[in-house]
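Asker: I'd like to ask you about the structure that follows.
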Amino acid sequence: MKKLIIATLITGLVAGTAFAKVTLPDAEEITLDNGLTIVIIEKHNLPLFSFQMTFRAGSTYDPVGQEGLASLASDMLMRGTPTRTAKQIADEVAFGGGTLSNYCGRVSAGLKGEFMTDQGENAFEILADVVLHASLTEEEFNKTKTRIIGGLQGRKENARSIAGDAIYSAILGDSRYAHHSGGTVETVEPLTREDIAGFIANHYTPDNCRLVICGDITKEAVTGWIDSYLGAWSGTAKATPDDAPFPTVTGKEVVIYDKIDATQTQIRLGGNGISLGHKDNPSLEVARVVYGGSFTSRLMDEIRVNRGLSYGASFRSSRFAPGGLVFASTFTKNESVGEVVDIILDEAAAMQTEIVPDEEFTGAVNYACGTYPMRFETNDHLVAVFSSMWLNGLDKSHYEDHQERLRAVTQEEARDAARAYFARDDYRLILVGKADEITEQAEKFGPVTVIPLSEE
Amino acid sequence: MKKLTVWTLLTLLMMSGAVFAEFQLDVQEFQLDNGLTILMLENHTSPIITYYTFFKVGARNESRYNSGISHFFEHMMFNGAEKYGPKMFDVTLEANGGYNNAWTSKNLTAYYETFPSETLELVMDLESDRMLNLALEEQMVKSESGVISEERLVSTDNDNEGIMWEELFATAFIAHSYGSPVLGWMQSIKSFNRDDCVDYHRTYYAPNNAVVAIVGDFRTGEALTLMEQYFGAIPSGPLPPEVPRYEPEQRGAKRVLIEKPARHDHVMRGYHVGDKDSPDLFAMEIIQFILTTGESCRMHQTLVNDLQLALHLYGGYEWGFDPTLFYFYVAVAPDQSYEATEVAFDSVLADLITNGPTEDELQKAKNSLTADFYKSFKTTNGTAGKLARYKTLYGDWKVFYDFVDNVKAVTAEQVKEVTARYFTAKNSTTVVLVPEGDQS
């Protein structure tokens with residue numbers, strides 16, 4: 001009845017809606033003799049430019065037992081060169097009104113920044129210095145490692161962080177994609193300066209890098225700076241093993257992380273998803289929006305709006321080359337945990353058995369298509385997009401045809417995606433809350449393992 | 001065509017020798033007969049629009065007995081009006097390719113939507129419906145009480161920083177409403193009823209207490225006609241009651257010690273400072289940057305880098321109608337103590353008070369603040385938010401043109417003097433959280 005009322009009211013509003021199609025700007029691509037590829041996108045509406053220097057050097061490249069190495073290596077880039085201390089790097093960037101920071105995700109790591117146009121050459125000089133000449137001094141290494149270990153310990157205070165890490169581990173098992181990019185105290189503690197130097201030598205090489213620049217710059221200026229500061233860069237990346245397919249989640253398992261002071265429980269429930277470029281991507285995306293991908297999704301509607309059991313609920317899909325994972329994410333007071341998990345499973349079952357009504361389906365597609373152009377508004381957005389194209393082997397059509405592919409999805413295909421990827425008989429359920437108050441509620445969802453956080 | 005000229009002009013001016021000196025936006029300002037202020041700025045670079053509505057009300061307009069009503073009401077604005085019933089605001093907007101959100105602070109409440117260009121009229125219909133004819137059904141009030149209780153549980157009761165934040169303001173302010181949390185005390189959240197919401201809507205949500213800013217891919221003339229059509233008939237209301245500014249002078253340092261399960265110590269410190277019109281406002285912006293912004297700031301260099309007492313830290317304050325609190329937070333490293341951290345923290349302050357900033361340090365702060373100011377105009381959302389915020393706070397959005405000049409005018413001596421005047425032990429409130437058992 002609820003859906004019928006909604007459908008009747010919005011039919012007239014959404015009929016014939018065709019939002020602007022995404023068109024990526026022209027980009028100039030240059031490959032240097034050393035293998036470095038550079039992408040330049042000129043966009044002269046503000047005197048600013050952004051850049052991203054991406055390396056295939058994320059946490060999936062951590063050797064087994066050295067989880068956190070990639071992240072620590074990324075941090076060390078900013079910790080000083082023979083001509084600049086870490087403070088001087090930060091001072092110079094800030095003095096020019098710019099930003100420069102390192103990052104490390106699962107697949108890639110590198111540097112991102114934004115500068116005023118008139119600081120262009122200065123920005124490239126600093127960027128090249130930190131990438132090519134990181135000092136890795138003993139003092140800075142020890143300080144950085146100590147701070148990272150402290151941060152990893154502090155992370156155990158936060159139920160959201162614990163739950164987010166745990167669902168990846170539970171679904172992806174031994175995969176190189178399973179662990180948090182920062183690693184653990186136990187794996188970071190033994191890392192040495194030599195480990196960092198080796199990682200940088202093996203992965204931070206020009207043939208393993210793409211530099212994307214977007215904004216108020218010119219090709220002539222950028223190529224001049226590149227020649228001056230990155231032209232002599234050399235090195236060859238070490239070959240990395242092929243990705244193994246993700247393990248298949250079978251059966252039901254529940255893990256409770258016992259946080260004895262929690263009056264609210266963080267909930268994650270999910271299983272296997274799809275890889276990048278998988279043919280089911282559009283249908284899963286539409287099904288995801290209906291189920292838990294917007295404010296008006298079914299999970300939000302039932303958990304938050306109808307029952308007032310949480311502030312938010314969502315369903316996420318993470319896709320990587322060898323596979324993916326999908327999971328619902330929410331939180332509720334301890335006494336409502338069983339009710340909320342029931343809703344997650346019941347709504348998944350409804351998506352698997354019934355066709356999404358016409359108007360609800362059209363609304364979800366419109367939402368996905370209408371909000372899509374907002375991901376391409378700024379220089380930062382565009383450098384991320386063009387970096388991802390290289391990293392994941394995508395071309396412009398992946399983005400420019402995305403809305404069209406979503407519009408081609410049928411209600412039956414969305415139902416089939418829900419059947420294939422939404423939880424039913426095989427899932428992992430993570431609960432971070434007070435075990436005394438939630439274990440009994442959790443037992444109906446599968447065999448329960450309780451892990452005291454005091455022992456984590 | 002005209003708007004293309006505007007953004008091109010902006011670019012040229014910013015790139016000229018006097019970078020930013022003549023920064024101008026072609027904002028069109030209107031006021032309907034009912035007092036609704038409307039700011040419009042065309043920008044046709046992307047086929048999207050952001051629509052902001054600011055109401056001049058926040059937690060400062062509450063008493064300790066109805067704390068959280070502003071935030072509670074913000075939620076109720078999404079729970080149905082006359083034309084668009086419960087759920088229909090979000091359902092309709094999303095089905096037409098848009099998204100929205102809202103926030104409440106101690107001073108202001110804001111709502112925004114970002115959406116494809118062709119959805120503008122629909123957004124006006126949605127917004128005018130809830131400004132004039134909000135339903136406020138009792139059932140929705142009860143349901144929303146559960147939602148906000150969960151919001152409070154996740155952001156305050158089960159979050160160590162959240163707990164400290166609440167204690168800091170409640171301890172620092174003994175008379176002013178800035179002492180109450182924006183989310184409200186749990187008892188308040190659970191006790192609000194329909195009548196509370198009706199009174200609140202009548203008092204604070206009249207068009208003459210609101211500012212609308214529209215930025216993006218639209219035509220001003222057409223949009224103004226539509227605004228008159230949708231909002232023109234909404235009656236104005238009496239001006240909301242004045243908020244008592246009174247807060248007695250603090251007579252000495254205040255301290256709170258919290259014990260609960262934690263992995264490390266945490267320190268939060270607040271100092272009473274001025275309001276949005278304070279002559280010290282821009283010196284305070286510089287002080288915030290020098291002490292707490294980025295890796296090169298003094299607190300990071302001393303506490304995180306040199307002494308390794310802290311994992312990370314931040315500081316800041318909200319520009320407010322009334323004298324507010326400048327706050328610092330320090331996550332103490334697991335093997336370090338809050339006592340040693342506070343000693344180092346105080347030494348950093350003492351050095352700035354004694355020696356002031358270096359010339360390079362001062363210039364770095366000015367350059368960064370200037371660049372950040374202009375970067376905030378990169379998106380339709382950032383621009384619309386800035387326009388509406390300044391208009392609501394100051395009554396004139398053009399005040400932001402003075403930001404860069406005001407920052408540039410701050411002297412090293414002024415930084416030194418302002419730091420010395422505000423950052424005193426007597427004026428401080430400190431909240432420390434330690435792992436349970438550490439203080440027994």
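Note on naming: chains are A, B, ... as they come in the structure tokens, residues start from 1 per chain, ligands start from 1 in the order shown.
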Got a sec to pull out which chain B residues are within 7 Å of chain A, counting only C-alpha atoms, and send them as a PyMOL selection string?
Answerer: chain B and resi 7-8+11+14-15+46-47+90-92+94-98+115-116+143-144+146-148+150-151+153+158+261-264+295-296+311+333-334+364+367-368+371+378-379
Asker: Since we have the selection now, will you write its residues out, keeping N, CA and C atoms, as a short mmCIF file (atom, residue, chain, number, x, y, z; two decimals), in the first residue's frame?
Answerer:
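What follows is the written file selection-v3.cif:
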data_model
loop_
_atom_site.label_atom_id
_atom_site.label_comp_id
_atom_site.auth_asym_id
_atom_site.auth_seq_id
_atom_site.Cartn_x
_atom_site.Cartn_y
_atom_site.Cartn_z
N TRP B 7 31.80 34.24 -14.81
CA TRP B 7 32.84 33.33 -14.32
C TRP B 7 34.17 33.57 -15.03
N THR B 8 34.10 34.01 -16.28
CA THR B 8 35.34 34.34 -16.96
C THR B 8 35.98 35.55 -16.31
N THR B 11 37.68 34.63 -13.21
CA THR B 11 38.97 34.01 -13.46
C THR B 11 40.03 35.05 -13.77
N MET B 14 41.08 37.01 -10.80
CA MET B 14 41.87 36.26 -9.84
C MET B 14 43.27 36.01 -10.36
N MET B 15 43.41 35.98 -11.68
CA MET B 15 44.72 35.70 -12.25
C MET B 15 45.54 36.96 -12.46
N SER B 46 28.15 23.31 -15.21
CA SER B 46 27.61 21.96 -15.08
C SER B 46 26.09 22.07 -15.04
N PRO B 47 25.39 21.03 -15.53
CA PRO B 47 23.91 21.11 -15.60
C PRO B 47 23.26 20.82 -14.26
N ASP B 90 11.62 13.48 0.14
CA ASP B 90 12.79 12.74 -0.34
C ASP B 90 12.47 11.89 -1.56
N VAL B 91 11.33 11.22 -1.50
CA VAL B 91 10.96 10.35 -2.63
C VAL B 91 10.87 11.16 -3.92
N THR B 92 10.23 12.30 -3.84
CA THR B 92 10.03 13.11 -5.04
C THR B 92 11.35 13.68 -5.55
N GLU B 94 14.47 12.58 -5.01
CA GLU B 94 15.35 11.54 -5.54
C GLU B 94 14.84 11.01 -6.87
N ALA B 95 13.53 10.87 -6.99
CA ALA B 95 12.97 10.37 -8.25
C ALA B 95 13.19 11.35 -9.39
N ASN B 96 13.56 12.56 -9.04
CA ASN B 96 13.86 13.55 -10.07
C ASN B 96 15.35 13.89 -10.12
N GLY B 97 16.14 12.95 -9.63
CA GLY B 97 17.58 13.03 -9.81
C GLY B 97 18.33 13.91 -8.83
N GLY B 98 17.73 14.27 -7.72
CA GLY B 98 18.41 15.15 -6.78
C GLY B 98 18.72 14.47 -5.46
N PHE B 115 20.68 19.18 -7.60
CA PHE B 115 19.78 18.45 -8.50
C PHE B 115 20.02 18.88 -9.95
N PRO B 116 19.53 18.09 -10.92
CA PRO B 116 19.64 18.49 -12.33
C PRO B 116 18.87 19.79 -12.59
N SER B 143 8.20 8.69 15.90
CA SER B 143 9.15 7.90 15.12
C SER B 143 10.50 8.62 15.03
N GLU B 144 10.42 9.94 14.81
CA GLU B 144 11.66 10.70 14.66
C GLU B 144 12.44 10.76 15.98
N GLY B 146 12.88 8.31 17.94
CA GLY B 146 13.73 7.11 17.93
C GLY B 146 14.94 7.31 17.04
N VAL B 147 14.75 7.92 15.87
CA VAL B 147 15.86 8.16 14.94
C VAL B 147 16.92 9.04 15.59
N ILE B 148 16.46 10.12 16.22
CA ILE B 148 17.42 11.08 16.79
C ILE B 148 18.08 10.51 18.04
N GLU B 150 18.97 7.46 18.27
CA GLU B 150 20.05 6.66 17.69
C GLU B 150 21.19 7.55 17.19
N GLU B 151 20.83 8.70 16.63
CA GLU B 151 21.87 9.64 16.18
C GLU B 151 22.71 10.09 17.37
N LEU B 153 23.10 8.41 20.21
CA LEU B 153 23.87 7.28 20.70
C LEU B 153 25.15 7.09 19.90
N ASN B 158 28.16 6.93 22.50
CA ASN B 158 29.10 5.85 22.20
C ASN B 158 30.33 6.35 21.47
N PRO B 261 35.87 3.13 29.37
CA PRO B 261 36.75 2.29 28.54
C PRO B 261 37.32 3.09 27.38
N ALA B 262 38.64 3.05 27.24
CA ALA B 262 39.31 3.80 26.18
C ALA B 262 40.69 3.19 25.97
N ARG B 263 41.27 3.46 24.82
CA ARG B 263 42.60 2.93 24.50
C ARG B 263 43.71 3.91 24.84
N HIS B 264 43.31 5.16 25.03
CA HIS B 264 44.32 6.17 25.33
C HIS B 264 43.62 7.38 25.95
N GLU B 295 50.07 19.97 8.94
CA GLU B 295 51.21 19.35 9.61
C GLU B 295 52.25 20.36 10.06
N SER B 296 52.23 21.55 9.46
CA SER B 296 53.26 22.52 9.85
C SER B 296 52.84 23.40 11.02
N LEU B 311 48.59 11.65 18.95
CA LEU B 311 48.37 10.98 17.66
C LEU B 311 47.92 11.99 16.62
N ALA B 333 48.83 9.98 22.66
CA ALA B 333 49.38 8.69 22.23
C ALA B 333 49.19 7.66 23.35
N PRO B 334 48.98 6.38 22.98
CA PRO B 334 48.63 5.37 23.99
C PRO B 334 49.64 5.23 25.13
N LYS B 364 52.34 32.67 5.87
CA LYS B 364 51.85 31.34 5.47
C LYS B 364 50.37 31.21 5.84
N ASN B 367 48.31 33.35 3.44
CA ASN B 367 48.23 32.75 2.10
C ASN B 367 47.26 31.58 2.08
N SER B 368 47.38 30.73 3.09
CA SER B 368 46.53 29.53 3.11
C SER B 368 45.06 29.88 3.33
N ALA B 371 43.72 31.29 0.07
CA ALA B 371 43.47 30.25 -0.93
C ALA B 371 42.26 29.41 -0.55
N LYS B 378 34.38 26.48 -5.35
CA LYS B 378 34.57 25.57 -6.48
C LYS B 378 33.28 24.88 -6.92
N THR B 379 32.38 24.64 -5.99
CA THR B 379 31.16 23.90 -6.32
C THR B 379 29.94 24.79 -6.13
#
Asker: Would you give me, as a list in words, the residues in stretch 78-153 of chain B that DSSP reads as strand (DSSP E or B)?
Answerer: Ala81, Tyr99, Asn100, Asn101, Ala102, Trp103, Thr104, Thr109, Ala110, Tyr111, Tyr112, Glu113, Thr114, Phe115, Pro116 and Leu134 of chain B
Asker: Can I get the selected residues back with all heavy atoms, as a short mmCIF file (atom, residue, chain, number, x, y, z; two decimals), in the first residue's frame?
Answerer:
data_model
loop_
_atom_site.label_atom_id
_atom_site.label_comp_id
_atom_site.auth_asym_id
_atom_site.auth_seq_id
_atom_site.Cartn_x
_atom_site.Cartn_y
_atom_site.Cartn_z
N ALA B 81 4.25 17.46 4.51
CA ALA B 81 3.52 18.72 4.53
C ALA B 81 2.18 18.49 3.83
O ALA B 81 1.76 17.35 3.66
CB ALA B 81 4.34 19.81 3.85
N TYR B 99 19.54 15.12 -4.65
CA TYR B 99 19.76 14.66 -3.29
C TYR B 99 19.73 15.87 -2.37
O TYR B 99 19.84 17.01 -2.82
CB TYR B 99 21.07 13.88 -3.14
CG TYR B 99 22.30 14.71 -3.12
CD1 TYR B 99 22.83 15.20 -1.92
CD2 TYR B 99 22.97 15.03 -4.30
CE1 TYR B 99 23.98 15.97 -1.89
CE2 TYR B 99 24.11 15.80 -4.29
CZ TYR B 99 24.62 16.27 -3.08
OH TYR B 99 25.75 17.04 -3.06
N ASN B 100 19.58 15.61 -1.11
CA ASN B 100 19.48 16.73 -0.17
C ASN B 100 20.05 16.35 1.17
O ASN B 100 20.27 15.17 1.46
CB ASN B 100 18.01 17.13 -0.01
CG ASN B 100 17.24 16.10 0.77
OD1 ASN B 100 17.21 16.12 2.00
ND2 ASN B 100 16.63 15.14 0.07
N ASN B 101 20.27 17.35 1.98
CA ASN B 101 20.63 17.11 3.37
C ASN B 101 20.35 18.39 4.15
O ASN B 101 19.90 19.39 3.57
CB ASN B 101 22.08 16.68 3.52
CG ASN B 101 22.26 15.70 4.67
OD1 ASN B 101 21.56 15.75 5.67
ND2 ASN B 101 23.20 14.79 4.51
N ALA B 102 20.62 18.35 5.42
CA ALA B 102 20.37 19.51 6.27
C ALA B 102 21.29 19.42 7.47
O ALA B 102 21.79 18.35 7.80
CB ALA B 102 18.92 19.53 6.72
N TRP B 103 21.51 20.55 8.10
CA TRP B 103 22.31 20.52 9.33
C TRP B 103 21.85 21.62 10.28
O TRP B 103 21.25 22.62 9.86
CB TRP B 103 23.80 20.62 9.05
CG TRP B 103 24.24 21.78 8.19
CD1 TRP B 103 24.52 21.73 6.86
CD2 TRP B 103 24.47 23.15 8.59
NE1 TRP B 103 24.90 22.97 6.41
CE2 TRP B 103 24.90 23.85 7.44
CE3 TRP B 103 24.38 23.83 9.81
CZ2 TRP B 103 25.21 25.22 7.47
CZ3 TRP B 103 24.69 25.18 9.83
CH2 TRP B 103 25.11 25.85 8.68
N THR B 104 22.12 21.40 11.54
CA THR B 104 21.80 22.38 12.58
C THR B 104 23.08 22.65 13.37
O THR B 104 23.80 21.72 13.70
CB THR B 104 20.74 21.82 13.54
OG1 THR B 104 19.61 21.39 12.77
CG2 THR B 104 20.29 22.88 14.53
N THR B 109 20.34 26.93 11.11
CA THR B 109 19.83 25.68 10.55
C THR B 109 19.77 25.84 9.04
O THR B 109 19.29 26.86 8.54
CB THR B 109 18.42 25.36 11.09
OG1 THR B 109 18.45 25.42 12.52
CG2 THR B 109 17.97 23.98 10.65
N ALA B 110 20.27 24.83 8.33
CA ALA B 110 20.36 24.95 6.87
C ALA B 110 19.87 23.68 6.19
O ALA B 110 20.06 22.57 6.70
CB ALA B 110 21.79 25.24 6.45
N TYR B 111 19.26 23.87 5.04
CA TYR B 111 18.75 22.77 4.20
C TYR B 111 19.30 23.00 2.79
O TYR B 111 19.32 24.14 2.32
CB TYR B 111 17.22 22.79 4.15
CG TYR B 111 16.57 22.69 5.50
CD1 TYR B 111 16.45 23.81 6.32
CD2 TYR B 111 16.09 21.47 5.98
CE1 TYR B 111 15.86 23.74 7.57
CE2 TYR B 111 15.49 21.38 7.22
CZ TYR B 111 15.39 22.52 8.01
OH TYR B 111 14.81 22.43 9.26
N TYR B 112 19.71 21.93 2.14
CA TYR B 112 20.13 22.12 0.76
C TYR B 112 19.71 20.95 -0.12
O TYR B 112 19.53 19.83 0.34
CB TYR B 112 21.64 22.34 0.66
CG TYR B 112 22.50 21.15 1.00
CD1 TYR B 112 22.77 20.17 0.05
CD2 TYR B 112 23.04 21.02 2.26
CE1 TYR B 112 23.57 19.08 0.36
CE2 TYR B 112 23.83 19.93 2.58
CZ TYR B 112 24.09 18.96 1.63
OH TYR B 112 24.87 17.87 1.94
N GLU B 113 19.55 21.26 -1.39
CA GLU B 113 19.29 20.25 -2.41
C GLU B 113 20.23 20.53 -3.57
O GLU B 113 20.43 21.69 -3.94
CB GLU B 113 17.84 20.32 -2.93
CG GLU B 113 16.78 20.03 -1.87
CD GLU B 113 16.39 21.26 -1.07
OE1 GLU B 113 16.47 22.38 -1.62
OE2 GLU B 113 16.01 21.12 0.10
N THR B 114 20.82 19.50 -4.14
CA THR B 114 21.57 19.62 -5.39
C THR B 114 20.91 18.69 -6.39
O THR B 114 20.60 17.54 -6.06
CB THR B 114 23.05 19.27 -5.19
OG1 THR B 114 23.61 20.18 -4.23
CG2 THR B 114 23.83 19.40 -6.49
N PHE B 115 20.68 19.18 -7.60
CA PHE B 115 19.78 18.45 -8.50
C PHE B 115 20.02 18.88 -9.95
O PHE B 115 20.63 19.93 -10.20
CB PHE B 115 18.32 18.74 -8.10
CG PHE B 115 18.04 20.19 -7.86
CD1 PHE B 115 17.70 21.03 -8.91
CD2 PHE B 115 18.14 20.73 -6.60
CE1 PHE B 115 17.46 22.38 -8.71
CE2 PHE B 115 17.91 22.09 -6.37
CZ PHE B 115 17.57 22.91 -7.43
N PRO B 116 19.53 18.09 -10.92
CA PRO B 116 19.64 18.49 -12.33
C PRO B 116 18.87 19.79 -12.59
O PRO B 116 17.84 20.06 -11.95
CB PRO B 116 19.00 17.32 -13.08
CG PRO B 116 19.04 16.17 -12.13
CD PRO B 116 18.91 16.76 -10.76
N LEU B 134 3.62 22.64 6.90
CA LEU B 134 4.20 21.44 7.49
C LEU B 134 3.14 20.67 8.28
O LEU B 134 2.38 21.27 9.04
CB LEU B 134 5.37 21.84 8.39
CG LEU B 134 6.41 20.77 8.66
CD1 LEU B 134 7.09 20.29 7.39
CD2 LEU B 134 7.45 21.29 9.65
#
Asker: Could you tell me how far atom CA of A:Phe445 sits from atom CA of A:Val341, in Å to one decimal place?
Answerer: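 Rounded to one decimal, the two atoms are 8.3 Å apart.
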Asker: Residues at most 8 Å from stretch 33-44 of chain B, counting only C-alpha atoms, excluding those fewer than 5 positions away in the same chain, as a list in words?
Answerer: Lys3, Leu4, Trp7, Leu25, Asp26, Val27, Gln28, Pro207, Asn208, Asn209, Ala210, Val211, Val212, Ala213, Ile214, Val215, Gly216, Asp217, Phe218, Arg219, Thr220, Gly232, Ala233, Ile234, Pro235, Ser236, Thr380, Leu387 and Ala388 of chain B
Asker: Go ahead and write the selection's residues with N, CA, C and O atoms as a CSV table (one decimal), in the first residue's frame.
Answerer:
chain,number,residue,atom,x,y,z
B,3,LYS,N,26.2,34.9,-17.8
B,3,LYS,CA,26.8,34.2,-16.7
B,3,LYS,C,28.2,33.7,-17.0
B,3,LYS,O,29.1,33.6,-16.2
B,4,LEU,N,28.3,33.3,-18.3
B,4,LEU,CA,29.7,32.8,-18.8
B,4,LEU,C,30.7,34.0,-18.5
B,4,LEU,O,31.8,33.8,-18.1
B,7,TRP,N,31.8,34.2,-14.8
B,7,TRP,CA,32.8,33.3,-14.3
B,7,TRP,C,34.2,33.6,-15.0
B,7,TRP,O,35.2,33.4,-14.5
B,25,LEU,N,31.4,38.5,-7.6
B,25,LEU,CA,30.4,37.5,-8.1
B,25,LEU,C,29.2,38.3,-8.5
B,25,LEU,O,28.7,39.2,-7.7
B,26,ASP,N,28.6,37.9,-9.6
B,26,ASP,CA,27.4,38.7,-10.0
B,26,ASP,C,26.1,38.1,-9.4
B,26,ASP,O,25.2,37.5,-10.0
B,27,VAL,N,26.1,38.2,-8.1
B,27,VAL,CA,25.0,37.7,-7.3
B,27,VAL,C,23.8,38.7,-7.4
B,27,VAL,O,24.0,39.9,-7.2
B,28,GLN,N,22.6,38.2,-7.7
B,28,GLN,CA,21.4,39.0,-7.7
B,28,GLN,C,20.7,38.8,-6.4
B,28,GLN,O,20.4,37.7,-6.0
B,207,PRO,N,9.0,33.2,6.5
B,207,PRO,CA,9.9,33.6,5.4
B,207,PRO,C,10.9,34.8,5.7
B,207,PRO,O,12.0,34.8,5.2
B,208,ASN,N,10.4,35.6,6.6
B,208,ASN,CA,11.3,36.8,7.0
B,208,ASN,C,12.4,36.4,7.9
B,208,ASN,O,13.2,37.2,8.3
B,209,ASN,N,12.5,35.1,8.3
B,209,ASN,CA,13.6,34.6,9.1
B,209,ASN,C,14.4,33.7,8.3
B,209,ASN,O,15.2,32.9,8.9
B,210,ALA,N,14.3,33.7,7.0
B,210,ALA,CA,15.0,32.8,6.1
B,210,ALA,C,15.7,33.5,5.0
B,210,ALA,O,15.4,34.6,4.6
B,211,VAL,N,16.8,32.8,4.5
B,211,VAL,CA,17.5,33.2,3.3
B,211,VAL,C,17.7,32.1,2.4
B,211,VAL,O,18.1,31.0,2.8
B,212,VAL,N,17.3,32.3,1.1
B,212,VAL,CA,17.5,31.3,0.1
B,212,VAL,C,18.6,31.7,-0.8
B,212,VAL,O,18.7,32.8,-1.2
B,213,ALA,N,19.5,30.7,-1.1
B,213,ALA,CA,20.5,31.0,-2.1
B,213,ALA,C,20.5,29.9,-3.2
B,213,ALA,O,20.4,28.7,-2.9
B,214,ILE,N,20.4,30.3,-4.5
B,214,ILE,CA,20.3,29.4,-5.6
B,214,ILE,C,21.6,29.6,-6.5
B,214,ILE,O,21.8,30.8,-6.9
B,215,VAL,N,22.3,28.6,-6.7
B,215,VAL,CA,23.5,28.7,-7.5
B,215,VAL,C,23.6,27.6,-8.5
B,215,VAL,O,23.4,26.5,-8.2
B,216,GLY,N,23.8,28.0,-9.8
B,216,GLY,CA,24.0,26.9,-10.8
B,216,GLY,C,23.4,27.2,-12.1
B,216,GLY,O,23.3,28.4,-12.5
B,217,ASP,N,22.9,26.2,-12.8
B,217,ASP,CA,22.5,26.3,-14.2
B,217,ASP,C,21.0,26.7,-14.4
B,217,ASP,O,20.2,25.8,-14.6
B,218,PHE,N,20.7,28.0,-14.2
B,218,PHE,CA,19.3,28.4,-14.3
B,218,PHE,C,19.3,29.9,-14.8
B,218,PHE,O,20.4,30.5,-14.9
B,219,ARG,N,18.2,30.4,-15.1
B,219,ARG,CA,18.1,31.8,-15.6
B,219,ARG,C,17.4,32.6,-14.5
B,219,ARG,O,16.3,32.3,-14.0
B,220,THR,N,18.1,33.7,-14.0
B,220,THR,CA,17.6,34.4,-12.9
B,220,THR,C,16.2,34.9,-13.0
B,220,THR,O,15.4,34.8,-12.1
B,232,GLY,N,5.5,33.7,-2.6
B,232,GLY,CA,5.0,35.0,-2.4
B,232,GLY,C,3.8,35.1,-1.5
B,232,GLY,O,3.6,36.0,-0.8
B,233,ALA,N,3.0,34.0,-1.4
B,233,ALA,CA,1.8,34.0,-0.6
B,233,ALA,C,2.0,33.6,0.8
B,233,ALA,O,1.1,33.6,1.6
B,234,ILE,N,3.2,33.1,1.1
B,234,ILE,CA,3.4,32.7,2.5
B,234,ILE,C,3.5,33.9,3.4
B,234,ILE,O,4.3,34.8,3.1
B,235,PRO,N,2.7,34.0,4.4
B,235,PRO,CA,2.7,35.2,5.3
B,235,PRO,C,4.0,35.3,6.1
B,235,PRO,O,4.6,34.3,6.5
B,236,SER,N,4.4,36.5,6.3
B,236,SER,CA,5.5,36.8,7.2
B,236,SER,C,5.1,36.6,8.6
B,236,SER,O,3.9,36.5,8.9
B,380,THR,N,28.9,24.4,-6.7
B,380,THR,CA,27.6,25.1,-6.5
B,380,THR,C,27.2,25.1,-5.1
B,380,THR,O,26.7,26.0,-4.5
B,387,LEU,N,27.2,32.0,0.4
B,387,LEU,CA,26.3,33.2,0.2
B,387,LEU,C,25.2,33.3,1.3
B,387,LEU,O,25.0,34.3,2.0
B,388,ALA,N,24.5,32.2,1.5
B,388,ALA,CA,23.4,32.2,2.5
B,388,ALA,C,23.9,32.3,3.9
B,388,ALA,O,23.3,33.0,4.7
Asker: Go through A:Val249, A:Val254, A:Ile171, A:Ala423 and flag the residue nearest A:Phe315, using only C-alpha atoms for the distances.
Answerer: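 Of A:Val249, A:Val254, A:Ile171, A:Ala423, the one nearest A:Phe315, counting only C-alpha atoms, is A:Ala423.
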Asker: Please provide the set of residues having any atom within 7 Å of B:Tyr314, restricted to only C-alpha atoms, with same-chain residues fewer than 6 positions apart removed, written as a list in words.
Answerer: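 So the residues in contact are Thr292, Phe328, Tyr329 and Val330 of chain B.
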Asker: Suppose you want the space between atom CA of A:Asp26 and atom CA of A:Lys396; what is it in Å?
Answerer: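 Computing the Euclidean distance for atom CA of A:Asp26 and atom CA of A:Lys396 yields 10.1 Å.
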Asker: Can you list, as a ChimeraX atom specification, every protein, DNA or RNA residue that comes within 10 Å of stretch 161-175 of chain B when you count only C-alpha atoms, leaving out same-chain residues fewer than 6 positions away?
Answerer: /B:63-64,152-155,181-185,244-250,253-258,266-272,324-325,327,329-331,427-433
Asker: Which of these, A:Ile438, A:Val409, A:Leu72, A:Leu32, has the shortest distance to A:Ser283 once you count only C-alpha atoms?
Answerer: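 Ranked by minimum distance to A:Ser283, first place goes to A:Val409.
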Asker: What's the separation between atom CA of B:Val434 and atom CA of A:Glu189, in Å to one decimal place?
Answerer: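 One can read the atom CA of B:Val434 to atom CA of A:Glu189 distance as 24.7 Å.
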Asker: What are the DSSP helix (DSSP H, G or I) residues of stretch 354-427 of chain B, as a ChimeraX atom specification?
Answerer: /B:354-355,359-375,380-394,397-408,412-422
Asker: Hey, what's within 12 Å of A:Thr410 if we count only C-alpha atoms and toss same-chain stuff fewer than 6 positions away? As a list in words, please?
Answerer: Asp280, Pro282, Ser283, Leu284, Glu285, Val286, Ala287, Ile355, Val356, Pro357, Asp358, Phe361, Thr362, Val365, Asp416 and Ala417 of chain A
Asker: In terms of the shortest atom-to-atom distance over only C-alpha atoms, which of B:His176, B:His300, B:Lys106, B:Arg389 is closest to B:Thr53?
Answerer: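 With only C-alpha atoms as the atom set, the closest residue is B:Arg389.
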